[in-house]
Amino acid sequence: MSRRVFRYFPFAIAQDATAGPEYEARCVVGDESECGAESGTHSGPGPVEERQRKHTQETGHRRYRRNFGDYAVMRPPAELVEPAGANGGAA
Ligand SMILES: [Zn+2]
């Protein structure tokens with residue numbers, strides 16, 4: 001195994017507090033075409049689960065695809081905060 005050596009900066013990864021997380025679910029019941037009923041996007045899991053329960057009650061559908069998304073920001077270590085070295089491309 002070969003080892004590529006590069007400078008490693010211990011970035012901290014944190015959830016971006018300025019953009020809230022997103023929860024959603026889609027009903028995937030169906031063989032050739034799925035039901036596709038969507039919960040819509042919500043900032044918490046509660047409303048999504050409520051929509052699922054309602055949909056299941058109305059249709060008997062019991063399988064959902066759930067999506068969760070959020071934004072992450074890389075926080076450089078203190079010694080790196082000076083604006084430098086942002087050039088150079090990713091191949
Ligand atoms: Zn459905």
# chains A, B, ... in the order shown; residues from 1 in each chain; ligands from 1

call {"tool": "residues_near_ligand", "arguments": {"ligand": "ligand 1", "cutoff": "8 Å", "atoms": "only C-alpha atoms and all ligand atoms", "output": "list in words"}}
result
Arg26, Cys27, Val28, Val29, Gly30, Glu34, Cys35, Gly36, Ala37, His55, Thr56, Thr59, Gly60, His61, Arg62 and Arg63 of chain A

call {"tool": "write_last_selection", "arguments": {"atoms": "N, CA and C atoms", "output": "PDB file, in the first residue's frame"}}
result
ATOM      1  N   ARG A  26     -41.592   9.742   1.763  1.00  0.00           N
ATOM      2  CA  ARG A  26     -42.391   9.494   0.561  1.00  0.00           C
ATOM      3  C   ARG A  26     -42.885   8.065   0.616  1.00  0.00           C
ATOM      4  N   CYS A  27     -44.137   7.876   0.328  1.00  0.00           N
ATOM      5  CA  CYS A  27     -44.699   6.537   0.324  1.00  0.00           C
ATOM      6  C   CYS A  27     -44.187   5.782  -0.897  1.00  0.00           C
ATOM      7  N   VAL A  28     -43.590   4.610  -0.660  1.00  0.00           N
ATOM      8  CA  VAL A  28     -43.002   3.842  -1.768  1.00  0.00           C
ATOM      9  C   VAL A  28     -43.751   2.541  -2.015  1.00  0.00           C
ATOM     10  N   VAL A  29     -44.969   2.474  -1.526  1.00  0.00           N
ATOM     11  CA  VAL A  29     -45.757   1.264  -1.747  1.00  0.00           C
ATOM     12  C   VAL A  29     -46.192   1.194  -3.211  1.00  0.00           C
ATOM     13  N   GLY A  30     -46.090   0.015  -3.772  1.00  0.00           N
ATOM     14  CA  GLY A  30     -46.491  -0.162  -5.159  1.00  0.00           C
ATOM     15  C   GLY A  30     -45.439  -0.928  -5.908  1.00  0.00           C
ATOM     16  N   GLU A  34     -44.723   3.531  -7.766  1.00  0.00           N
ATOM     17  CA  GLU A  34     -44.995   3.679  -6.350  1.00  0.00           C
ATOM     18  C   GLU A  34     -46.029   4.761  -6.102  1.00  0.00           C
ATOM     19  N   CYS A  35     -46.628   4.688  -4.951  1.00  0.00           N
ATOM     20  CA  CYS A  35     -47.667   5.635  -4.569  1.00  0.00           C
ATOM     21  C   CYS A  35     -47.161   7.067  -4.661  1.00  0.00           C
ATOM     22  N   GLY A  36     -45.996   7.311  -4.050  1.00  0.00           N
ATOM     23  CA  GLY A  36     -45.353   8.607  -4.216  1.00  0.00           C
ATOM     24  C   GLY A  36     -45.897   9.732  -3.362  1.00  0.00           C
ATOM     25  N   ALA A  37     -46.842   9.430  -2.495  1.00  0.00           N
ATOM     26  CA  ALA A  37     -47.367  10.489  -1.635  1.00  0.00           C
ATOM     27  C   ALA A  37     -46.245  11.050  -0.769  1.00  0.00           C
ATOM     28  N   HIS A  55     -51.516   8.878   6.380  1.00  0.00           N
ATOM     29  CA  HIS A  55     -51.542   8.243   5.061  1.00  0.00           C
ATOM     30  C   HIS A  55     -51.772   6.742   5.192  1.00  0.00           C
ATOM     31  N   THR A  56     -51.131   6.140   6.167  1.00  0.00           N
ATOM     32  CA  THR A  56     -51.314   4.709   6.390  1.00  0.00           C
ATOM     33  C   THR A  56     -52.744   4.399   6.790  1.00  0.00           C
ATOM     34  N   THR A  59     -54.879   4.785   3.546  1.00  0.00           N
ATOM     35  CA  THR A  59     -54.606   3.954   2.379  1.00  0.00           C
ATOM     36  C   THR A  59     -54.159   2.541   2.711  1.00  0.00           C
ATOM     37  N   GLY A  60     -53.690   2.323   3.943  1.00  0.00           N
ATOM     38  CA  GLY A  60     -53.138   1.021   4.294  1.00  0.00           C
ATOM     39  C   GLY A  60     -51.690   0.871   3.863  1.00  0.00           C
ATOM     40  N   HIS A  61     -51.140   1.876   3.221  1.00  0.00           N
ATOM     41  CA  HIS A  61     -49.733   1.818   2.802  1.00  0.00           C
ATOM     42  C   HIS A  61     -48.824   1.878   4.023  1.00  0.00           C
ATOM     43  N   ARG A  62     -47.781   1.026   4.010  1.00  0.00           N
ATOM     44  CA  ARG A  62     -46.968   0.940   5.218  1.00  0.00           C
ATOM     45  C   ARG A  62     -45.470   1.077   4.996  1.00  0.00           C
ATOM     46  N   ARG A  63     -45.078   1.492   3.815  1.00  0.00           N
ATOM     47  CA  ARG A  63     -43.635   1.574   3.580  1.00  0.00           C
ATOM     48  C   ARG A  63     -43.272   2.949   3.030  1.00  0.00           C
TER      49      ARG A  63
END

call {"tool": "select_by_dssp", "arguments": {"residues": "chain A", "states": "alpha helix (DSSP H)", "output": "list in words"}}
result
Pro45, Gly46, Pro47, Val48, Glu49, Glu50, Arg51, Gln52, Arg53, Lys54, His55, Thr56, Gln57, Glu58 and Thr59 of chain A

call {"tool": "residues_around", "arguments": {"residues": "Pro21 of chain A", "least_positions_apart": "5", "cutoff": "8 Å", "atoms": "only C-alpha atoms", "output": "PyMOL selection string"}}
result
chain A and resi 43-44+68-71

call {"tool": "write_last_selection", "arguments": {"atoms": "N, CA, C and O atoms", "output": "CSV table (one decimal), in the first residue's frame"}}
result
chain,number,residue,atom,x,y,z
A,43,SER,N,-39.1,20.8,9.4
A,43,SER,CA,-37.8,21.0,10.2
A,43,SER,C,-37.6,20.0,11.3
A,43,SER,O,-36.6,20.1,12.0
A,44,GLY,N,-38.6,19.1,11.5
A,44,GLY,CA,-38.4,18.1,12.5
A,44,GLY,C,-39.1,16.9,12.1
A,44,GLY,O,-40.0,16.9,11.1
A,68,PHE,N,-33.4,12.6,5.2
A,68,PHE,CA,-32.9,13.7,6.2
A,68,PHE,C,-31.8,14.4,5.5
A,68,PHE,O,-30.9,13.8,4.9
A,69,GLY,N,-31.8,15.7,5.6
A,69,GLY,CA,-30.7,16.5,5.1
A,69,GLY,C,-30.4,17.6,6.0
A,69,GLY,O,-31.2,18.2,6.6
A,70,ASP,N,-29.1,17.9,6.0
A,70,ASP,CA,-28.7,19.1,6.7
A,70,ASP,C,-27.4,19.7,6.1
A,70,ASP,O,-26.9,19.1,5.1
A,71,TYR,N,-27.0,20.8,6.5
A,71,TYR,CA,-25.8,21.4,6.0
A,71,TYR,C,-24.7,21.4,7.0
A,71,TYR,O,-24.9,21.5,8.2

call {"tool": "residues_around", "arguments": {"residues": "Val73 of chain A", "least_positions_apart": "3", "cutoff": "8 Å", "atoms": "only C-alpha atoms", "output": "count of residues only"}}
result
4

call {"tool": "atom_distance", "arguments": {"atom1": "atom CA of Asp31 of chain A", "atom2": "atom CA of Gln52 of chain A"}}
result
19.1 Å

call {"tool": "closest_residue", "arguments": {"among": "A:Ala12, A:Ala19, A:Val48, A:Ala25", "to": "Arg75 of chain A", "atoms": "only C-alpha atoms"}}
result
A:Ala12

call {"tool": "closest_residue", "arguments": {"among": "A:Ser33, A:Pro76, A:His42, A:Pro47", "to": "Gly20 of chain A", "atoms": "only C-alpha atoms"}}
result
A:His42

call {"tool": "select_by_dssp", "arguments": {"residues": "segment 20-61 of chain A", "states": "strand (DSSP E)", "output": "PyMOL selection string"}}
result
chain A and resi 22-27

call {"tool": "write_last_selection", "arguments": {"atoms": "N, CA and C atoms", "output": "PDB file, in the first residue's frame"}}
result
ATOM      1  N   GLU A  22     -33.649  19.155   7.401  1.00  0.00           N
ATOM      2  CA  GLU A  22     -34.894  18.909   6.658  1.00  0.00           C
ATOM      3  C   GLU A  22     -35.284  17.441   6.742  1.00  0.00           C
ATOM      4  N   TYR A  23     -36.511  17.222   7.108  1.00  0.00           N
ATOM      5  CA  TYR A  23     -37.048  15.867   7.206  1.00  0.00           C
ATOM      6  C   TYR A  23     -38.175  15.707   6.197  1.00  0.00           C
ATOM      7  N   GLU A  24     -38.214  14.562   5.541  1.00  0.00           N
ATOM      8  CA  GLU A  24     -39.336  14.281   4.659  1.00  0.00           C
ATOM      9  C   GLU A  24     -39.466  12.787   4.446  1.00  0.00           C
ATOM     10  N   ALA A  25     -40.624  12.378   3.989  1.00  0.00           N
ATOM     11  CA  ALA A  25     -40.866  10.968   3.708  1.00  0.00           C
ATOM     12  C   ALA A  25     -41.760  10.855   2.478  1.00  0.00           C
ATOM     13  N   ARG A  26     -41.592   9.742   1.763  1.00  0.00           N
ATOM     14  CA  ARG A  26     -42.391   9.494   0.561  1.00  0.00           C
ATOM     15  C   ARG A  26     -42.885   8.065   0.616  1.00  0.00           C
ATOM     16  N   CYS A  27     -44.137   7.876   0.328  1.00  0.00           N
ATOM     17  CA  CYS A  27     -44.699   6.537   0.324  1.00  0.00           C
ATOM     18  C   CYS A  27     -44.187   5.782  -0.897  1.00  0.00           C
TER      19      CYS A  27
END

call {"tool": "closest_residue", "arguments": {"among": "A:Arg51, A:Tyr8, A:Pro77, A:Arg3", "to": "Tyr64 of chain A", "atoms": "only C-alpha atoms"}}
result
A:Arg51
